[in-house]
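Text of upload38.cif (mmCIF, C-alpha atoms) as supplied:
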data_query
#
loop_
_atom_site.group_PDB
_atom_site.id
_atom_site.type_symbol
_atom_site.label_atom_id
_atom_site.label_comp_id
_atom_site.auth_asym_id
_atom_site.auth_seq_id
_atom_site.Cartn_x
_atom_site.Cartn_y
_atom_site.Cartn_z
ATOM 1 C CA MET A 267 -21.383 156.007 8.854
ATOM 2 C CA ASN A 268 -19.031 158.911 9.599
ATOM 3 C CA ASP A 269 -19.700 162.435 8.336
ATOM 4 C CA LYS A 270 -17.028 162.440 5.633
ATOM 5 C CA LYS A 271 -18.178 159.167 4.082
ATOM 6 C CA LYS A 272 -21.748 160.433 4.136
ATOM 7 C CA LEU A 273 -20.609 163.666 2.432
ATOM 8 C CA ILE A 274 -18.829 161.695 -0.296
ATOM 9 C CA LEU A 275 -21.890 159.520 -0.946
ATOM 10 C CA GLU A 276 -24.256 162.493 -1.081
ATOM 11 C CA THR A 277 -21.919 164.419 -3.377
ATOM 12 C CA ALA A 278 -21.400 161.449 -5.671
ATOM 13 C CA LEU A 279 -25.178 160.942 -5.843
ATOM 14 C CA LYS A 280 -25.646 164.594 -6.804
ATOM 15 C CA LEU A 281 -22.954 164.543 -9.529
ATOM 16 C CA PHE A 282 -23.944 161.138 -10.930
ATOM 17 C CA SER A 283 -27.563 162.370 -11.103
ATOM 18 C CA GLU A 284 -26.540 165.561 -12.933
ATOM 19 C CA LYS A 285 -23.712 164.366 -15.199
ATOM 20 C CA GLY A 286 -23.979 160.600 -15.276
ATOM 21 C CA TYR A 287 -21.520 157.939 -14.178
ATOM 22 C CA HIS A 288 -19.149 158.124 -17.135
ATOM 23 C CA SER A 289 -18.938 161.929 -17.159
ATOM 24 C CA THR A 290 -18.170 162.167 -13.447
ATOM 25 C CA SER A 291 -14.611 161.542 -12.289
ATOM 26 C CA MET A 292 -13.293 160.844 -8.813
ATOM 27 C CA GLN A 293 -11.534 164.203 -9.089
ATOM 28 C CA ASP A 294 -14.898 165.908 -9.720
ATOM 29 C CA ILE A 295 -16.290 164.324 -6.562
ATOM 30 C CA ALA A 296 -13.201 165.263 -4.520
ATOM 31 C CA THR A 297 -13.345 168.858 -5.741
ATOM 32 C CA GLU A 298 -17.036 169.166 -4.903
ATOM 33 C CA CYS A 299 -16.368 167.710 -1.428
ATOM 34 C CA GLN A 300 -13.379 170.061 -1.008
ATOM 35 C CA ILE A 301 -11.083 167.186 -0.074
ATOM 36 C CA ALA A 302 -7.975 165.678 -1.670
ATOM 37 C CA LYS A 303 -8.612 163.020 -4.302
ATOM 38 C CA GLY A 304 -6.518 160.561 -2.289
ATOM 39 C CA SER A 305 -8.909 160.924 0.621
ATOM 40 C CA LEU A 306 -11.690 159.427 -1.505
ATOM 41 C CA TYR A 307 -9.745 156.193 -1.824
ATOM 42 C CA THR A 308 -9.581 155.915 1.956
ATOM 43 C CA TYR A 309 -13.330 155.213 1.852
ATOM 44 C CA PHE A 310 -13.894 153.797 -1.656
ATOM 45 C CA GLN A 311 -11.304 151.899 -3.681
ATOM 46 C CA SER A 312 -12.821 152.808 -7.046
ATOM 47 C CA LYS A 313 -15.604 154.725 -8.731
ATOM 48 C CA ASP A 314 -17.411 151.420 -9.284
ATOM 49 C CA GLU A 315 -17.379 150.746 -5.542
ATOM 50 C CA LEU A 316 -18.622 154.260 -4.814
ATOM 51 C CA PHE A 317 -21.420 153.888 -7.367
ATOM 52 C CA LEU A 318 -22.506 150.525 -5.914
ATOM 53 C CA SER A 319 -22.358 152.004 -2.400
ATOM 54 C CA ILE A 320 -25.088 154.475 -3.365
ATOM 55 C CA PHE A 321 -27.414 151.557 -4.156
ATOM 56 C CA LYS A 322 -26.447 149.765 -0.949
ATOM 57 C CA HIS A 323 -27.000 152.895 1.146
ATOM 58 C CA SER A 324 -30.391 153.414 -0.497
ATOM 59 C CA PHE A 325 -31.469 149.830 0.181
ATOM 60 C CA GLU A 326 -30.217 149.833 3.780
ATOM 61 C CA SER A 327 -32.060 153.071 4.516
ATOM 62 C CA TYR A 328 -35.246 151.596 3.036
ATOM 63 C CA ARG A 329 -34.772 148.310 4.946
ATOM 64 C CA GLU A 330 -34.353 150.138 8.261
ATOM 65 C CA ALA A 331 -37.520 152.120 7.565
ATOM 66 C CA ILE A 332 -39.670 149.058 6.816
ATOM 67 C CA ILE A 333 -38.345 147.277 9.918
ATOM 68 C CA GLU A 334 -39.354 150.295 11.997
ATOM 69 C CA VAL A 335 -42.852 150.138 10.502
ATOM 70 C CA GLU A 336 -43.027 146.391 11.170
ATOM 71 C CA HIS A 337 -42.498 147.024 14.884
ATOM 72 C CA ASP A 338 -45.057 149.839 15.144
ATOM 73 C CA PRO A 339 -47.710 148.505 17.577
ATOM 74 C CA THR A 340 -50.242 151.165 16.560
ATOM 75 C CA LEU A 341 -50.648 149.783 13.016
ATOM 76 C CA SER A 342 -52.614 146.774 11.801
ATOM 77 C CA LYS A 343 -50.991 144.216 9.453
ATOM 78 C CA ARG A 344 -52.632 145.855 6.463
ATOM 79 C CA GLU A 345 -51.635 149.371 7.546
ATOM 80 C CA LYS A 346 -48.040 148.213 8.005
ATOM 81 C CA PHE A 347 -47.871 146.683 4.531
ATOM 82 C CA GLU A 348 -49.511 149.720 2.958
ATOM 83 C CA LYS A 349 -46.941 152.002 4.599
ATOM 84 C CA GLN A 350 -44.098 149.703 3.540
ATOM 85 C CA ILE A 351 -45.297 149.838 -0.068
ATOM 86 C CA TYR A 352 -45.352 153.628 0.229
ATOM 87 C CA LEU A 353 -41.771 153.595 1.559
ATOM 88 C CA GLN A 354 -40.621 151.508 -1.404
ATOM 89 C CA LEU A 355 -42.269 153.887 -3.868
ATOM 90 C CA ASN A 356 -40.886 156.907 -2.025
ATOM 91 C CA ASN A 357 -37.375 155.449 -2.027
ATOM 92 C CA PHE A 358 -37.426 155.165 -5.820
ATOM 93 C CA PHE A 359 -38.950 158.627 -6.123
ATOM 94 C CA LYS A 360 -36.200 160.044 -3.900
ATOM 95 C CA TYR A 361 -33.534 158.647 -6.248
ATOM 96 C CA ARG A 362 -35.490 159.328 -9.435
ATOM 97 C CA ASP A 363 -32.932 161.633 -11.074
ATOM 98 C CA PHE A 364 -30.124 159.187 -10.344
ATOM 99 C CA ILE A 365 -32.084 156.206 -11.683
ATOM 100 C CA GLN A 366 -33.237 158.096 -14.786
ATOM 101 C CA LYS A 367 -29.657 158.971 -15.643
ATOM 102 C CA HIS A 368 -28.471 155.372 -15.526
ATOM 103 C CA MET A 369 -31.429 153.067 -16.191
ATOM 104 C CA MET A 370 -30.492 152.623 -19.884
ATOM 105 C CA ASP A 371 -26.710 152.421 -19.345
ATOM 106 C CA HIS A 372 -25.997 148.794 -20.222
ATOM 107 C CA THR A 373 -22.268 149.088 -19.473
ATOM 108 C CA ILE A 374 -23.149 149.644 -15.816
ATOM 109 C CA ASN A 375 -25.660 146.805 -15.858
ATOM 110 C CA LYS A 376 -22.895 144.443 -17.057
ATOM 111 C CA ASN A 377 -20.811 145.113 -13.938
ATOM 112 C CA LYS A 378 -20.623 141.692 -12.258
ATOM 113 C CA GLU A 379 -20.725 142.928 -8.664
ATOM 114 C CA MET A 380 -23.597 145.270 -9.465
ATOM 115 C CA GLY A 381 -25.489 142.470 -11.192
ATOM 116 C CA THR A 382 -24.999 140.120 -8.259
ATOM 117 C CA TYR A 383 -26.195 142.739 -5.789
ATOM 118 C CA MET A 384 -29.278 143.590 -7.859
ATOM 119 C CA PHE A 385 -30.214 139.903 -8.096
ATOM 120 C CA GLU A 386 -29.854 139.552 -4.344
ATOM 121 C CA MET A 387 -32.081 142.575 -3.780
ATOM 122 C CA ARG A 388 -34.670 141.225 -6.205
ATOM 123 C CA GLY A 389 -34.718 137.928 -4.338
ATOM 124 C CA LYS A 390 -35.081 139.644 -0.956
ATOM 125 C CA SER A 391 -37.881 141.836 -2.295
ATOM 126 C CA LEU A 392 -39.847 138.845 -3.640
ATOM 127 C CA LYS A 393 -39.380 136.918 -0.401
ATOM 128 C CA PHE A 394 -40.564 139.950 1.561
ATOM 129 C CA PHE A 395 -43.721 140.242 -0.561
ATOM 130 C CA GLU A 396 -44.410 136.517 -0.280
ATOM 131 C CA GLU A 397 -44.105 136.578 3.507
ATOM 132 C CA LYS A 398 -46.306 139.675 3.796
ATOM 133 C CA ILE A 399 -48.954 138.097 1.561
ATOM 134 C CA VAL A 400 -49.154 134.985 3.748
ATOM 135 C CA SER A 401 -49.221 137.119 6.900
ATOM 136 C CA LEU A 402 -51.985 139.373 5.550
ATOM 137 C CA TYR A 403 -54.243 136.840 3.802
ATOM 138 C CA GLY A 404 -53.657 133.703 5.880
ATOM 139 C CA GLU A 405 -52.434 130.162 5.296
ATOM 140 C CA ASP A 406 -55.015 129.420 2.585
ATOM 141 C CA VAL A 407 -53.008 131.611 0.210
ATOM 142 C CA ILE A 408 -49.730 129.675 0.677
ATOM 143 C CA PRO A 409 -50.094 127.572 -2.536
ATOM 144 C CA TYR A 410 -50.533 130.811 -4.527
ATOM 145 C CA SER A 411 -48.323 133.178 -2.509
ATOM 146 C CA PHE A 412 -45.303 132.964 -4.808
ATOM 147 C CA ASP A 413 -47.337 133.723 -7.932
ATOM 148 C CA CYS A 414 -49.008 136.609 -6.119
ATOM 149 C CA ALA A 415 -45.608 137.969 -5.029
ATOM 150 C CA VAL A 416 -44.203 137.835 -8.574
ATOM 151 C CA ILE A 417 -47.300 139.444 -10.114
ATOM 152 C CA PHE A 418 -47.453 142.150 -7.445
ATOM 153 C CA SER A 419 -43.734 142.901 -7.778
ATOM 154 C CA GLY A 420 -44.138 143.247 -11.552
ATOM 155 C CA ILE A 421 -47.043 145.677 -11.168
ATOM 156 C CA ILE A 422 -45.065 147.838 -8.739
ATOM 157 C CA LYS A 423 -42.073 147.916 -11.102
ATOM 158 C CA GLU A 424 -44.241 149.162 -13.967
ATOM 159 C CA TYR A 425 -45.682 151.964 -11.847
ATOM 160 C CA ILE A 426 -42.166 152.875 -10.711
ATOM 161 C CA PHE A 427 -41.084 152.999 -14.357
ATOM 162 C CA LEU A 428 -43.976 155.373 -15.101
ATOM 163 C CA MET A 429 -42.822 157.574 -12.208
ATOM 164 C CA MET A 430 -39.350 157.651 -13.755
ATOM 165 C CA ILE A 431 -40.620 159.153 -17.004
ATOM 166 C CA ASP A 432 -43.433 161.334 -15.622
ATOM 167 C CA MET A 433 -41.912 164.377 -13.892
ATOM 168 C CA LYS A 434 -45.072 165.565 -12.147
ATOM 169 C CA GLU A 435 -45.494 165.114 -8.407
ATOM 170 C CA GLN A 436 -47.050 161.808 -7.405
ATOM 171 C CA ASP A 437 -49.526 160.998 -4.641
ATOM 172 C CA LEU A 438 -47.566 158.029 -3.344
ATOM 173 C CA TYR A 439 -49.899 157.332 -0.411
ATOM 174 C CA ARG A 440 -52.844 157.008 -2.788
ATOM 175 C CA LEU A 441 -50.775 154.855 -5.137
ATOM 176 C CA ALA A 442 -49.784 152.532 -2.254
ATOM 177 C CA GLN A 443 -53.465 152.143 -1.298
ATOM 178 C CA PHE A 444 -54.407 151.486 -4.922
ATOM 179 C CA LEU A 445 -51.679 148.859 -5.349
ATOM 180 C CA LEU A 446 -52.675 147.037 -2.172
ATOM 181 C CA GLY A 447 -56.238 146.973 -3.468
ATOM 182 C CA ARG A 448 -55.006 145.319 -6.656
ATOM 183 C CA LEU A 449 -53.182 142.744 -4.568
ATOM 184 C CA ASP A 450 -56.540 141.976 -2.929
ATOM 185 C CA ASP A 451 -57.912 141.266 -6.417
ATOM 186 C CA ILE A 452 -54.949 139.058 -7.367
ATOM 187 C CA VAL A 453 -55.172 137.001 -4.191
ATOM 188 C CA GLN A 454 -58.961 136.668 -4.436
ATOM 189 C CA GLY A 455 -58.655 135.524 -8.048
ATOM 190 C CA CYS A 456 -56.097 132.844 -7.167
ATOM 191 C CA LEU A 457 -58.141 131.625 -4.200
ATOM 192 C CA SER A 458 -61.404 131.451 -6.135
ATOM 193 C CA LYS A 459 -59.940 129.684 -9.190
ATOM 194 C CA LYS A 460 -57.436 127.630 -7.157
ATOM 195 C CA GLU A 461 -54.784 128.096 -9.826
ATOM 196 C CA HIS A 462 -51.084 128.564 -9.367
ATOM 197 C CA TYR A 463 -48.035 128.390 -11.625
ATOM 198 C CA LEU A 464 -45.031 128.523 -9.270
ATOM 199 C CA SER A 465 -44.409 126.006 -6.505
ATOM 200 C CA THR A 466 -42.277 126.687 -3.446
ATOM 201 C CA ASP A 467 -39.368 124.823 -5.049
ATOM 202 C CA ASP A 468 -39.821 126.657 -8.367
ATOM 203 C CA PHE A 469 -39.704 130.011 -6.618
ATOM 204 C CA HIS A 470 -36.648 129.091 -4.563
ATOM 205 C CA GLN A 471 -34.851 127.679 -7.608
ATOM 206 C CA LEU A 472 -35.610 130.711 -9.793
ATOM 207 C CA ILE A 473 -34.042 133.052 -7.253
ATOM 208 C CA THR A 474 -31.113 130.765 -6.488
ATOM 209 C CA MET A 475 -30.212 129.992 -10.108
ATOM 210 C CA GLY A 476 -30.473 133.651 -11.071
ATOM 211 C CA GLU A 477 -27.895 134.460 -8.417
ATOM 212 C CA LEU A 478 -25.699 131.508 -9.400
ATOM 213 C CA LYS A 479 -25.314 132.713 -12.985
ATOM 214 C CA LEU A 480 -23.618 135.883 -11.755
ATOM 215 C CA ARG A 481 -21.168 134.223 -9.380
ATOM 216 C CA SER A 482 -17.798 132.598 -9.948
ATOM 217 C CA LYS A 483 -17.661 128.877 -10.676
ATOM 218 C CA GLU A 484 -16.421 128.190 -7.133
ATOM 219 C CA ASP A 485 -19.242 130.225 -5.618
ATOM 220 C CA ARG A 486 -21.852 128.530 -7.804
ATOM 221 C CA ILE A 487 -20.635 125.069 -6.840
ATOM 222 C CA ALA A 488 -20.558 126.021 -3.147
ATOM 223 C CA GLN A 489 -24.162 127.207 -3.428
ATOM 224 C CA LEU A 490 -25.168 123.939 -5.093
ATOM 225 C CA ILE A 491 -23.617 122.005 -2.196
ATOM 226 C CA LYS A 492 -25.793 124.071 0.154
ATOM 227 C CA GLU A 493 -28.777 123.154 -2.015
ATOM 228 C CA LEU A 494 -27.961 119.463 -1.646
ATOM 229 C CA HIS A 495 -27.770 119.899 2.140
ATOM 230 C CA HIS A 496 -31.247 121.468 1.928
ATOM 231 C CA LEU A 497 -32.560 118.565 -0.170
ATOM 232 C CA SER A 498 -31.166 116.047 2.324
ATOM 233 C CA THR A 499 -33.435 117.496 5.030
ATOM 234 C CA LYS A 500 -36.470 117.923 2.795
ATOM 235 C CA ILE A 501 -36.690 114.608 0.915
ATOM 236 C CA ARG A 502 -38.037 111.563 2.714
ATOM 237 C CA LEU A 503 -35.525 108.737 2.311
ATOM 238 C CA PRO A 504 -34.924 105.339 3.906
ATOM 239 C CA ASN A 505 -32.227 105.480 6.565
ATOM 240 C CA ASP A 506 -29.610 103.772 4.380
ATOM 241 C CA LYS A 507 -30.082 106.285 1.560
ATOM 242 C CA LYS A 508 -30.157 109.202 3.997
ATOM 243 C CA ASP A 509 -26.851 107.996 5.452
ATOM 244 C CA PHE A 510 -25.340 107.619 1.977
ATOM 245 C CA LEU A 511 -26.500 111.111 0.970
ATOM 246 C CA THR A 512 -24.806 112.558 4.053
ATOM 247 C CA THR A 513 -21.630 110.656 3.136
ATOM 248 C CA ALA A 514 -21.871 111.768 -0.511
ATOM 249 C CA ILE A 515 -22.139 115.437 0.463
ATOM 250 C CA LYS A 516 -19.140 115.152 2.783
ATOM 251 C CA THR A 517 -17.119 113.266 0.146
ATOM 252 C CA ILE A 518 -17.907 115.785 -2.616
ATOM 253 C CA GLU A 519 -16.985 118.687 -0.330
ATOM 254 C CA GLU A 520 -13.679 117.026 0.585
ATOM 255 C CA GLN A 521 -12.799 116.192 -3.005
ATOM 256 C CA LEU A 522 -13.587 119.696 -4.219
ATOM 257 C CA ALA A 523 -10.853 120.925 -1.863
ATOM 258 C CA ASN A 524 -8.322 118.375 -3.170
ATOM 259 C CA GLU A 525 -5.909 118.900 -6.043
ATOM 260 C CA GLY A 526 -5.417 115.264 -7.060
ATOM 261 C CA LYS A 527 -6.670 113.887 -10.382
ATOM 262 C CA GLU A 528 -8.613 111.132 -8.614
ATOM 263 C CA LYS A 529 -11.142 113.654 -7.300
ATOM 264 C CA GLU A 530 -12.999 113.719 -10.624
ATOM 265 C CA VAL A 531 -13.429 109.936 -10.533
ATOM 266 C CA ILE A 532 -14.619 109.968 -6.907
ATOM 267 C CA ILE A 533 -17.088 112.841 -7.430
ATOM 268 C CA GLU A 534 -18.468 111.268 -10.607
ATOM 269 C CA GLY A 535 -18.922 107.993 -8.717
ATOM 270 C CA MET A 536 -21.040 109.799 -6.116
ATOM 271 C CA LEU A 537 -23.129 111.458 -8.839
ATOM 272 C CA LEU A 538 -23.725 108.197 -10.707
ATOM 273 C CA TYR A 539 -24.892 106.470 -7.532
ATOM 274 C CA LEU A 540 -27.270 109.323 -6.708
ATOM 275 C CA GLU A 541 -28.704 109.171 -10.248
ATOM 276 C CA LYS A 542 -29.599 105.495 -9.773
ATOM 277 C CA TRP A 543 -32.155 106.495 -7.136
ATOM 278 C CA ASP A 544 -34.217 108.142 -9.890
ATOM 279 C CA ILE A 545 -35.539 110.855 -7.533
ATOM 280 C CA THR A 546 -36.617 113.951 -9.481
ATOM 281 C CA ASP A 547 -35.126 116.591 -7.174
ATOM 282 C CA ILE A 548 -31.847 114.658 -6.888
ATOM 283 C CA LEU A 549 -31.668 114.207 -10.683
ATOM 284 C CA LYS A 550 -32.179 117.956 -11.171
ATOM 285 C CA TRP A 551 -29.414 118.685 -8.682
ATOM 286 C CA VAL A 552 -26.975 116.233 -10.331
ATOM 287 C CA LYS A 553 -27.666 117.793 -13.734
ATOM 288 C CA GLN A 554 -27.026 121.328 -12.398
ATOM 289 C CA PHE A 555 -23.878 120.228 -10.585
ATOM 290 C CA ARG A 556 -22.464 118.528 -13.693
ATOM 291 C CA GLU A 557 -23.147 121.629 -15.781
ATOM 292 C CA GLU A 558 -21.157 123.759 -13.337
ATOM 293 C CA TRP A 559 -18.479 121.147 -12.708
ATOM 294 C CA ASN A 560 -17.772 120.714 -16.435
ATOM 295 C CA TYR A 561 -18.082 124.448 -17.267
#
What is this structure when it is put down as structure tokens?
Amino acid sequence: MNDKKKLILETALKLFSEKGYHSTSMQDIATECQIAKGSLYTYFQSKDELFLSIFKHSFESYREAIIEVEHDPTLSKREKFEKQIYLQLNNFFKYRDFIQKHMMDHTINKNKEMGTYMFEMRGKSLKFFEEKIVSLYGEDVIPYSFDCAVIFSGIIKEYIFLMMIDMKEQDLYRLAQFLLGRLDDIVQGCLSKKEHYLSTDDFHQLITMGELKLRSKEDRIAQLIKELHHLSTKIRLPNDKKDFLTTAIKTIEEQLANEGKEKEVIIEGMLLYLEKWDITDILKWVKQFREEWNY
């Protein structure tokens, strides 16, 4: 990132934190940066893009920091995770004024691109926690790892919310240690009672469908095609059905790109044939595809 773009981001962060998004104009940012307003649009096409770029810059900085910790040979697995939790807490604390100013602004939350990005970040965060939990506690925790990740993520979010409304200085290192201790309790409870709510497929579907709702119809359908590709490798099928599924995917993809009226008949024929197999995962996929296709 060049110096001028960095200056614009830092200035926008400062003004958005002080005045709020709606009360800050691009002219205000240009004036504070001591540059022409037109120069802003060389780097950001709109105020919305500039606002979203602050979130992206924050996440990328945090991601680079946790990767650096992950490759630190002097730390144990537990010490790495503890430090990564601290970095997440510290990142929110660093942007506390900015978040406080906008956390209740529902007009910003309705921004489609912002919503899509936040869903993607939520999914990446949950996947990160799930992977760290398996790495730290071993393969025995795999059946419960997704539940543990969701519960742990929820606990962290509530403590972050408390930090947003409590202006006193926080001992984030101590909080990270405390939170990791509570994860120990969650994992131990799941292992001892052998109870879980989310399966691997449930977890994957929750994240995927949340993202799909915020995308265009074309994007949602394209994602569902990817899901069918994934199912084709996961489900055990006789060779003839596996061959037909491969053909069905190719046919649906080709017909989606066509403009002719016959494509609806051909695609529906593929869906009807797949339904006849009466395979739960395939039936779920057909239902989701029809809902998007007929939307």
| query | What residues come out when you apply the PyMOL selection byres ((chain A and resi 287-293) around 9) to this file, written as a PyMOL selection string? | reply | chain A and resi 278+281-283+285-286+294-298+302-303+306+312-313+317+367-368+374
| task | Quote the spacing between CA of Leu279 in chain A and CA of Glu326 in chain A in Å to one decimal place. | result | 15.5 Å
| query | Which residue, A:Met536, A:Met429, A:Leu402, A:Met387, has the smallest gap to Phe325 in chain A when you use all atoms listed in the file? | reply |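 Answer, going by the shortest atom-to-atom distance: A:Met387.
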| query | Can you tell me how far CA of Asp468 in chain A sits from CA of Trp559 in chain A, in Å to one decimal? | reply |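 Computing it gives 22.5 Å between the two atoms.
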| Exactly which residues make up the result of the PyMOL selection byres ((chain A and resi 342-353) around 6) on this file, given as a list in words? |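 When the PyMOL selection byres ((chain A and resi 342-353) around 6) is applied, the selected residues are Ile332, Leu341, Gln354, Leu355, Asn356, Asn357, Tyr439 and Ala442 of chain A.
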| said: Counting only C-alpha atoms, which residue out of A:Ile545, A:Ile501, A:Ala488, A:Leu392 sits closest to Leu522 in chain A? | reply: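 The closest residue to Leu522 in chain A is A:Ala488.
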Counting all atoms listed in the file, which residues of range 363-441 of chain A fall within 12 Å of range 445-448 of chain A, and what is the closest atom pair for each with its distance in Å at one decimal, ordered by chain and rising number, as a tab-separated table?
residue	atom	partner	partner_atom	distance
A:Phe395	CA	A:Leu446	CA	11.4
A:Lys398	CA	A:Leu446	CA	11.4
A:Ile399	CA	A:Leu446	CA	10.4
A:Leu402	CA	A:Leu446	CA	10.9
A:Tyr403	CA	A:Leu446	CA	11.9
A:Cys414	CA	A:Arg448	CA	10.6
A:Ala415	CA	A:Leu446	CA	11.8
A:Ile417	CA	A:Arg448	CA	10.3
A:Phe418	CA	A:Leu445	CA	8.2
A:Ser419	CA	A:Leu445	CA	10.2
A:Gly420	CA	A:Leu445	CA	11.3
A:Ile421	CA	A:Leu445	CA	8.1
A:Ile422	CA	A:Leu445	CA	7.5
A:Lys423	CA	A:Leu445	CA	11.2
A:Glu424	CA	A:Leu445	CA	11.4
A:Tyr425	CA	A:Leu445	CA	9.4
A:Ile426	CA	A:Leu445	CA	11.6
A:Leu438	CA	A:Leu445	CA	10.2
A:Tyr439	CA	A:Leu445	CA	10.0
A:Arg440	CA	A:Leu445	CA	8.6
A:Leu441	CA	A:Leu445	CA	6.1
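For the choices A:Glu557, A:Asp506, A:Asp432, A:Glu541, the atom-to-atom distance to Ile487 in chain A is smallest for A:Glu557 when using all atoms listed in the file.
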| field | Straight-line distance linking CA of Lys550 in chain A with CA of His496 in chain A, stated in Å to one decimal | value |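 Taking CA of Lys550 in chain A and CA of His496 in chain A, their separation equals 13.6 Å.
For the set A:Ser319, A:Thr308, A:Thr499, A:Ser401, the residue with the smallest atom-to-atom gap to Leu275 in chain A is A:Ser319, counting all atoms listed in the file.
By only C-alpha atoms, and with residues fewer than 3 positions from Leu511 in chain A along its chain excluded, the set lying at most 9 Å from it is Leu494, His495, Ser498, Asp506, Lys507, Lys508, Ala514, Ile515, Lys516 and Leu540 of chain A.
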Write out the residues from the selection above, keeping C-alpha atoms, as a tab-separated table (two decimals), in the coordinates of the input.
chain	number	residue	atom	x	y	z
A	494	LEU	CA	-27.96	119.46	-1.65
A	495	HIS	CA	-27.77	119.90	2.14
A	498	SER	CA	-31.17	116.05	2.32
A	506	ASP	CA	-29.61	103.77	4.38
A	507	LYS	CA	-30.08	106.28	1.56
A	508	LYS	CA	-30.16	109.20	4.00
A	514	ALA	CA	-21.87	111.77	-0.51
A	515	ILE	CA	-22.14	115.44	0.46
A	516	LYS	CA	-19.14	115.15	2.78
A	540	LEU	CA	-27.27	109.32	-6.71
| Explicit residues for the PyMOL selection byres ((chain A and resi 534) around 12) (as a VMD selection string) | chain A and resid 514 517 to 518 521 to 522 528 to 533 535 to 541 552 to 553 555 to 556 559 to 560
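Proximity of A:Ile431, A:Gly304, A:Thr513, A:Tyr309 to Ile274 in chain A, computed with only C-alpha atoms, is greatest for A:Tyr309.
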Specify the axis-aligned box that encloses all atoms of range 331-341 of chain A listed in the file after padding of 3 Å on each side, stating its centre and edge lengths in Å to one decimal as AutoDock Vina command-line options.
--center_x -44.1 --center_y 149.3 --center_z 12.2 --size_x 19.1 --size_y 11.7 --size_z 16.8
